[in-house]
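Undergrad: Dropping the structure in here first, questions after.
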Amino acid sequence: MHDLELWGGVECTVNRTGAGYLDQSALSGHDRRDDDLDLFAGLGLTAIRYPVLWERVSPDAAVAPDWRWSDARLARLRSLGMRPIVGLVHHGSGPRHTDLLDDGFAPGLGEHARQVAERYPWVEEWTPVNEPLTTARFAALYGHWYPHATDEGAFWRALLNQIDGTRAAMRAIRRVNPAARLIQTDDLGRTYATTRLGEQAAFNNLRRWASWDLLFGRVVPQHALWQRIARHGLGDRLRAIADDPCPPDVIGVNHYLTSDRFLDHRLQRYAVETHGGTDRLAYADTEAVRVLDPAPAGLGGAMREAWQRYRVPLAMTEIHNGCTREEQLRWAAEAWDTAVTLRGEGIDVRAVTAWSLLGSHGWNNLLTRPPTGPDAYEPGVFDVSSGTPRPTALAALWRGLPGGAPRHPVTADEGWWRRPQRLIYPPLLRPAGTRPADADANADPAPVLLICGASGMLGRAFARACALRGIRYALTGRGTLDLRDGAGIGGVLDRLRPWAVVNATGWVAVDGDEIEAAETDEAACHAVNATGVIALAAACAARGIGCLGLSSDLVFDGGLDRPYVESDTPRPLGAYGRSKAAMEAGCAAQPGSLVIRTAAVFSAFDARSFAVAAAGTLARGQPFAAAHDHDVSPGFAPDLVDTALDLLIDGMTGICHVPGGEGMSWAAFAVRIAHACGLDPRLVRPVAGAALGWRAPRPRAVTLASDRIALPGSLDTALARFAGDRRQQCAGARAA
């Protein structure tokens, strides 16, 4: 059996809607960065799924093809030793003069393939059409993509046009290079259902094979789909395909955590966005992993079914999980391990593909409109949210998987799809064998994330996030690790052996009374916020442990007329800001140290936060005074924590800004809080900051932006979550 290869792929979809084209290569910036290919080669990829897309090369039939971009990129791939698996249409419908329902689509794609093959005769692996079945569903059955048809006849016609396009392409390619191999991809999942919907599930489970069955020449009159397709006037097309098939050399299985579906006629059990159905049946359609217990067979099950059906080599051609970083790592590691297991069973799995190398844009709305907002971009192996690719923890994982390198500690725990919280709807119990006992049950436990600050809001927020994300952690207070005891820090680290440390402790009293105020006891503030934190960072660096510290917008003086970014020089006005600036400078000298600057952090679980004070005062019907002449970037604690954990897992170092997405005055922030919580915004009293009795000098306007990372979610979304958390707290207090 061949060695298991590591492939890669860039999300390169060029799909069309009524509003025009969306080009993932343009959205990621890959079309403008030549050196991306060197980053990919550094992962150790043996092959890469790469676009020479019809829409990009020949967008206008009256104009000669433009090969400049493809010439440069394929030549570079060849010099780097990465085999290109060339794609010609990726969720697309071709240039403007054609579409998936046009009789000219297949011959046009065949002609494009001929030109590509003649230009690059050395290319041996091809995917002329990516996911033809999925594309036909989205474009001609559900109406999401061009030409926006919504009937079954159009769906089958769109599918056959893509199959004929693949056949025409491979004929043209093989005239140039008889050794050319077809690697045919499609999304493969299984549909489960309640008994009442068993017939619909059975049809879905037959239809999922349609593109491969067609290419193998299996859709003949005896095939269960023949009559259903032929009744739309497509019988002659089916005969022509069956008489001249184009069997794939490799089946490319694309399986996501959303691929396995569950259909339930009991609509009331499910969120309204899951409701759908056919002309005859209404049902909820949701992820099977969210309902079935035990969970569906997933990726391994899909691969085994494909092998049993076709008995040709398989590849996992898209491995990507749009989730938090540790879940992305767990999914990738599980996919690789699954491939190894399958090969041990005698199944010919050739490769695992690190998909979405540069992430993806707009899949949260199925590419139906331009991607905007914080949820529109999903990082991949590299994060391009800042405009420059930054390797995430996935890069090190993928690079190390073929050689069995040590994995990040967070991969030792199960992904969300294997934990009890995966079940968000009433579970449907089904018979299944019990899971084997954990072979590593007697092994040393995986290292934990050490969180310092058990008594603080942020420490507890980090602990809550870790519990939700399945990250092992230890939450400690001053009794376990006291940053004022520099000599004892190393001993605690040696005893607990964490993989990283989050320091969520600190002197937080910028103002306060005479005892607590930073301005009146700067030495004590500096000892906690700077000296102790630097000692912790140094002890972590000496042991190769990552260390995360938190800083503040108060390191700046507000003199700039634009948002502050990470490279701007700190110029603190007060004692608190000076302590944080000193901490930043000291930690900068320590390898593995990450410092996150944030501002106006708020949470429903922090009684001392501005947001809680404002909401509480307004809820009592009392006026609330807030400064109208000082600007900040409010940051929601859960968003801050999730972003910080992703960066820590990635091994990010230096300084990063993680504020909210907007800058505004404190008074404007109070008004937004009032609206979110259903309170009277007229009770907010804008006043000058000088009237609030602040002891510490403060900058007039400091808003934070970032040159290094994408900012977390929108403030409106954060405030809605804050209001929901607050309502839950109030309800809990009443119940108690």
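Going through the structure tokens in order, the chains are called A, B, and so on, while each chain numbers its residues from 1 and the ligands are numbered from 1 in the order shown.
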Residues of stretch 135-237 of chain A in alpha helix (DSSP H) according to DSSP, as JSON, numbers by chain?
TA: {"A": [135, 136, 152, 153, 154, 155, 156, 157, 158, 159, 160, 161, 162, 163, 164, 165, 166, 167, 168, 169, 170, 171, 172, 173, 174, 175, 176, 198, 199, 200, 201, 202, 203, 204, 205, 206, 207, 210, 211, 212, 213, 214, 215, 226, 227, 228, 229, 235, 236, 237]}
Undergrad: Enumerate, as a PyMOL selection string, the complete set of residues in stretch 662-704 of chain A that a backbone-based DSSP assignment places in strand (DSSP E).
TA: chain A and resi 664-665+684-687
Undergrad: How many Å lie between atom CA of A:Asp66 and atom CA of A:Ala19, rounded to one decimal?
TA: 24.0 Å
Undergrad: Got a sec: who's within 7 Å of A:Ser551, counting only C-alpha atoms, leaving out chain neighbours fewer than 4 positions off, as a ChimeraX atom specification?
TA: /A:580,595-598
Undergrad: Can you pull out every residue within 10 Å of stretch 296-307 of chain A, counting only C-alpha atoms, but drop anything in the same chain fewer than 6 positions away, and send it as a ChimeraX atom specification?
TA: /A:187-192,209,212,251-262,287-290,313-316,319,334-335,337-339,341-342,345,347-349,417,430,432
Undergrad: Output C-alpha atoms for every residue in the selection just made, as a PDB file, in the first residue's frame.
TA:
```
ATOM      1  CA  ASP A 187     -19.522  15.879   0.246  1.00  0.00           C
ATOM      2  CA  LEU A 188     -20.435  12.538   1.780  1.00  0.00           C
ATOM      3  CA  GLY A 189     -22.634  12.164   4.809  1.00  0.00           C
ATOM      4  CA  ARG A 190     -25.526   9.977   5.867  1.00  0.00           C
ATOM      5  CA  THR A 191     -29.119  10.971   6.585  1.00  0.00           C
ATOM      6  CA  TYR A 192     -30.877   9.577   9.655  1.00  0.00           C
ATOM      7  CA  TRP A 209     -23.796   8.638  -4.401  1.00  0.00           C
ATOM      8  CA  TRP A 212     -19.806   8.962  -8.419  1.00  0.00           C
ATOM      9  CA  ILE A 251     -12.693   9.009  -4.596  1.00  0.00           C
ATOM     10  CA  GLY A 252     -12.271  12.290  -2.709  1.00  0.00           C
ATOM     11  CA  VAL A 253     -14.466  12.277   0.389  1.00  0.00           C
ATOM     12  CA  ASN A 254     -15.318  15.682   1.829  1.00  0.00           C
ATOM     13  CA  HIS A 255     -16.928  15.135   5.219  1.00  0.00           C
ATOM     14  CA  TYR A 256     -17.741  17.807   7.773  1.00  0.00           C
ATOM     15  CA  LEU A 257     -19.357  17.683  11.176  1.00  0.00           C
ATOM     16  CA  THR A 258     -22.505  18.964   9.453  1.00  0.00           C
ATOM     17  CA  SER A 259     -22.487  16.272   6.736  1.00  0.00           C
ATOM     18  CA  ASP A 260     -24.491  13.667   8.659  1.00  0.00           C
ATOM     19  CA  ARG A 261     -28.101  14.880   8.919  1.00  0.00           C
ATOM     20  CA  PHE A 262     -31.155  13.997  10.993  1.00  0.00           C
ATOM     21  CA  GLU A 287     -26.911  17.890  12.303  1.00  0.00           C
ATOM     22  CA  ALA A 288     -27.211  14.253  13.323  1.00  0.00           C
ATOM     23  CA  VAL A 289     -24.436  14.676  15.864  1.00  0.00           C
ATOM     24  CA  ARG A 290     -26.704  17.090  17.751  1.00  0.00           C
ATOM     25  CA  PRO A 313      -8.441   4.348  -3.617  1.00  0.00           C
ATOM     26  CA  LEU A 314      -9.857   6.996  -1.300  1.00  0.00           C
ATOM     27  CA  ALA A 315      -8.633  10.348  -0.042  1.00  0.00           C
ATOM     28  CA  MET A 316      -9.953  12.686   2.596  1.00  0.00           C
ATOM     29  CA  ILE A 319     -10.466  18.347   6.491  1.00  0.00           C
ATOM     30  CA  GLU A 334      -8.830  12.630  14.508  1.00  0.00           C
ATOM     31  CA  ALA A 335      -9.020  12.638  10.709  1.00  0.00           C
ATOM     32  CA  ASP A 337      -5.798   8.884  13.035  1.00  0.00           C
ATOM     33  CA  THR A 338      -8.958   7.671  11.295  1.00  0.00           C
ATOM     34  CA  ALA A 339      -7.062   7.360   8.022  1.00  0.00           C
ATOM     35  CA  THR A 341      -6.972   3.066  11.332  1.00  0.00           C
ATOM     36  CA  LEU A 342      -8.749   2.543   8.009  1.00  0.00           C
ATOM     37  CA  GLU A 345      -8.299  -2.449   8.067  1.00  0.00           C
ATOM     38  CA  ILE A 347      -8.857   0.216   3.092  1.00  0.00           C
ATOM     39  CA  ASP A 348      -6.714   2.024   0.516  1.00  0.00           C
ATOM     40  CA  VAL A 349      -6.668   5.569   1.895  1.00  0.00           C
ATOM     41  CA  TRP A 417     -18.722  16.128  18.760  1.00  0.00           C
ATOM     42  CA  ARG A 430     -30.426   4.159  19.088  1.00  0.00           C
ATOM     43  CA  ALA A 432     -24.999   0.707  19.058  1.00  0.00           C
TER      44      ALA A 432
END
```
Undergrad: Could you check which of A:His112, A:Arg478, A:Arg309, A:Arg207 is closest to A:Ala224, using only C-alpha atoms?
TA: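 With only C-alpha atoms as the atom set, the closest residue is A:Arg207.
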Undergrad: Find the residues around stretch 377-388 of chain A up to 9 Å (only C-alpha atoms counted), leave out those fewer than 4 positions away in its own chain, and share them as a short mmCIF file (atom, residue, chain, number, x, y, z; two decimals) with C-alpha atoms, in the first residue's frame.
TA:
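Wrote it out as selection_30.cif, contents follow:
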```cif
data_model
loop_
_atom_site.label_atom_id
_atom_site.label_comp_id
_atom_site.auth_asym_id
_atom_site.auth_seq_id
_atom_site.Cartn_x
_atom_site.Cartn_y
_atom_site.Cartn_z
CA SER A 28 -8.16 35.67 1.21
CA GLY A 29 -5.59 37.76 -0.65
CA HIS A 320 -11.58 21.58 8.10
CA ASN A 321 -13.60 22.56 11.14
CA GLY A 322 -14.88 26.09 11.55
CA CYS A 323 -14.59 26.25 15.32
CA ARG A 325 -8.66 26.42 17.71
CA GLN A 328 -9.85 22.50 14.82
CA ALA A 354 -5.42 20.00 5.21
CA TRP A 355 -8.21 22.05 3.72
CA SER A 356 -8.82 25.74 3.82
CA LEU A 357 -5.13 26.53 4.24
CA LEU A 358 -5.97 30.24 4.28
CA GLY A 359 -9.39 29.88 5.89
CA SER A 360 -12.69 30.67 4.21
CA HIS A 361 -14.96 33.68 3.82
CA GLY A 362 -18.75 33.80 3.80
CA TRP A 363 -19.66 30.17 4.38
CA ASN A 364 -21.70 31.30 7.39
CA PRO A 371 -18.93 38.30 3.57
CA THR A 372 -19.11 40.98 6.24
CA GLY A 373 -19.00 40.94 10.00
CA THR A 392 -2.06 28.93 13.56
CA ALA A 393 -1.49 25.87 15.73
CA LEU A 394 -2.84 23.81 12.84
CA ALA A 395 0.35 24.48 10.89
CA ALA A 396 2.54 22.74 13.47
CA TRP A 398 -0.28 19.13 10.16
CA SER A 706 -5.14 45.60 15.54
CA ASP A 707 -2.61 45.07 12.79
CA ARG A 708 -2.12 41.45 13.86
CA ILE A 709 -5.50 39.77 14.28
CA ALA A 710 -9.18 40.14 13.48
CA LEU A 711 -11.23 41.78 16.20
#
```
Undergrad: In Å, how far is it from atom CA of A:Ile655 to atom CA of A:Glu566?
TA: 6.2 Å
Undergrad: If you count only C-alpha atoms, which residues fall within 12 Å of A:Arg68, apart from same-chain ones fewer than 6 positions away, as a compact mmCIF listing (two decimals) with C-alpha atoms, in the first residue's frame?
TA:
```
# COMPACT_ATOMS: atom_id res chain seq x y z
CA ASP A 31 -4.40 35.97 -5.64
CA VAL A 52 -6.98 27.03 -12.66
CA ARG A 56 -10.81 33.34 -13.71
CA VAL A 57 -8.84 32.37 -16.82
CA SER A 58 -11.56 33.04 -19.42
CA LEU A 74 2.00 26.30 -11.27
CA ALA A 75 5.63 26.88 -12.14
CA ARG A 119 -0.36 24.55 -21.34
```
Undergrad: Can you build me a table of stretch 274-365 of chain A residues sitting at most 10 Å from stretch 640-654 of chain A, with the closest atom pair per residue and its distance in Å to one decimal, using only C-alpha atoms, sorted by chain and residue number, as JSON lines?
TA:
```
{"residue": "A:Thr324", "atom": "CA", "partner": "A:Asp646", "partner_atom": "CA", "distance": 6.7}
{"residue": "A:Arg325", "atom": "CA", "partner": "A:Asp646", "partner_atom": "CA", "distance": 5.3}
{"residue": "A:Glu326", "atom": "CA", "partner": "A:Ile649", "partner_atom": "CA", "distance": 7.2}
{"residue": "A:Leu329", "atom": "CA", "partner": "A:Ile649", "partner_atom": "CA", "distance": 9.7}
```
Undergrad: Excluding same-chain residues fewer than 2 positions from A:Gly403, what lies within 12 Å of it counting only C-alpha atoms, as a list in words?
TA: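 Within the cut-off, the hits are Asp3, Leu4, Glu5, Leu6, Leu43, Gly44, Trp336, Ala396, Leu397, Trp398, Arg399, Gly400, Leu401, Ala405, Pro406 and Arg407 of chain A.
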Undergrad: Limited to C-alpha atoms, could you put the picked residues into a file as a PDB file, in the first residue's frame?
TA:
```pdb
ATOM      1  CA  ASP A   3       2.387   5.732   2.063  1.00  0.00           C
ATOM      2  CA  LEU A   4      -0.273   7.983   3.563  1.00  0.00           C
ATOM      3  CA  GLU A   5       0.292  11.416   2.044  1.00  0.00           C
ATOM      4  CA  LEU A   6      -0.411  14.874   3.407  1.00  0.00           C
ATOM      5  CA  LEU A  43       4.015  22.177   5.843  1.00  0.00           C
ATOM      6  CA  GLY A  44       5.514  19.202   4.016  1.00  0.00           C
ATOM      7  CA  TRP A 336      -5.379  11.586  10.405  1.00  0.00           C
ATOM      8  CA  ALA A 396       2.536  22.737  13.467  1.00  0.00           C
ATOM      9  CA  LEU A 397       0.034  19.907  13.866  1.00  0.00           C
ATOM     10  CA  TRP A 398      -0.282  19.129  10.156  1.00  0.00           C
ATOM     11  CA  ARG A 399       3.469  19.408   9.684  1.00  0.00           C
ATOM     12  CA  GLY A 400       4.050  16.875  12.437  1.00  0.00           C
ATOM     13  CA  LEU A 401       1.285  14.338  11.774  1.00  0.00           C
ATOM     14  CA  ALA A 405       5.492  14.362  16.155  1.00  0.00           C
ATOM     15  CA  PRO A 406       4.151  15.319  19.596  1.00  0.00           C
ATOM     16  CA  ARG A 407       0.799  17.061  19.378  1.00  0.00           C
TER      17      ARG A 407
END
```
Undergrad: Would you please work out which residue, of A:Ala541, A:Ala625, A:Ala582, A:Ala154, is nearest to A:Gly233 when using only C-alpha atoms?
TA: A:Ala154
Undergrad: For a quick check of understanding, using only C-alpha atoms, which of A:Asp249, A:Asp482, A:Glu111, A:Glu199 has the smallest distance to A:Val528?
TA: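 Counting only C-alpha atoms, the residue closest to A:Val528 is A:Asp482.
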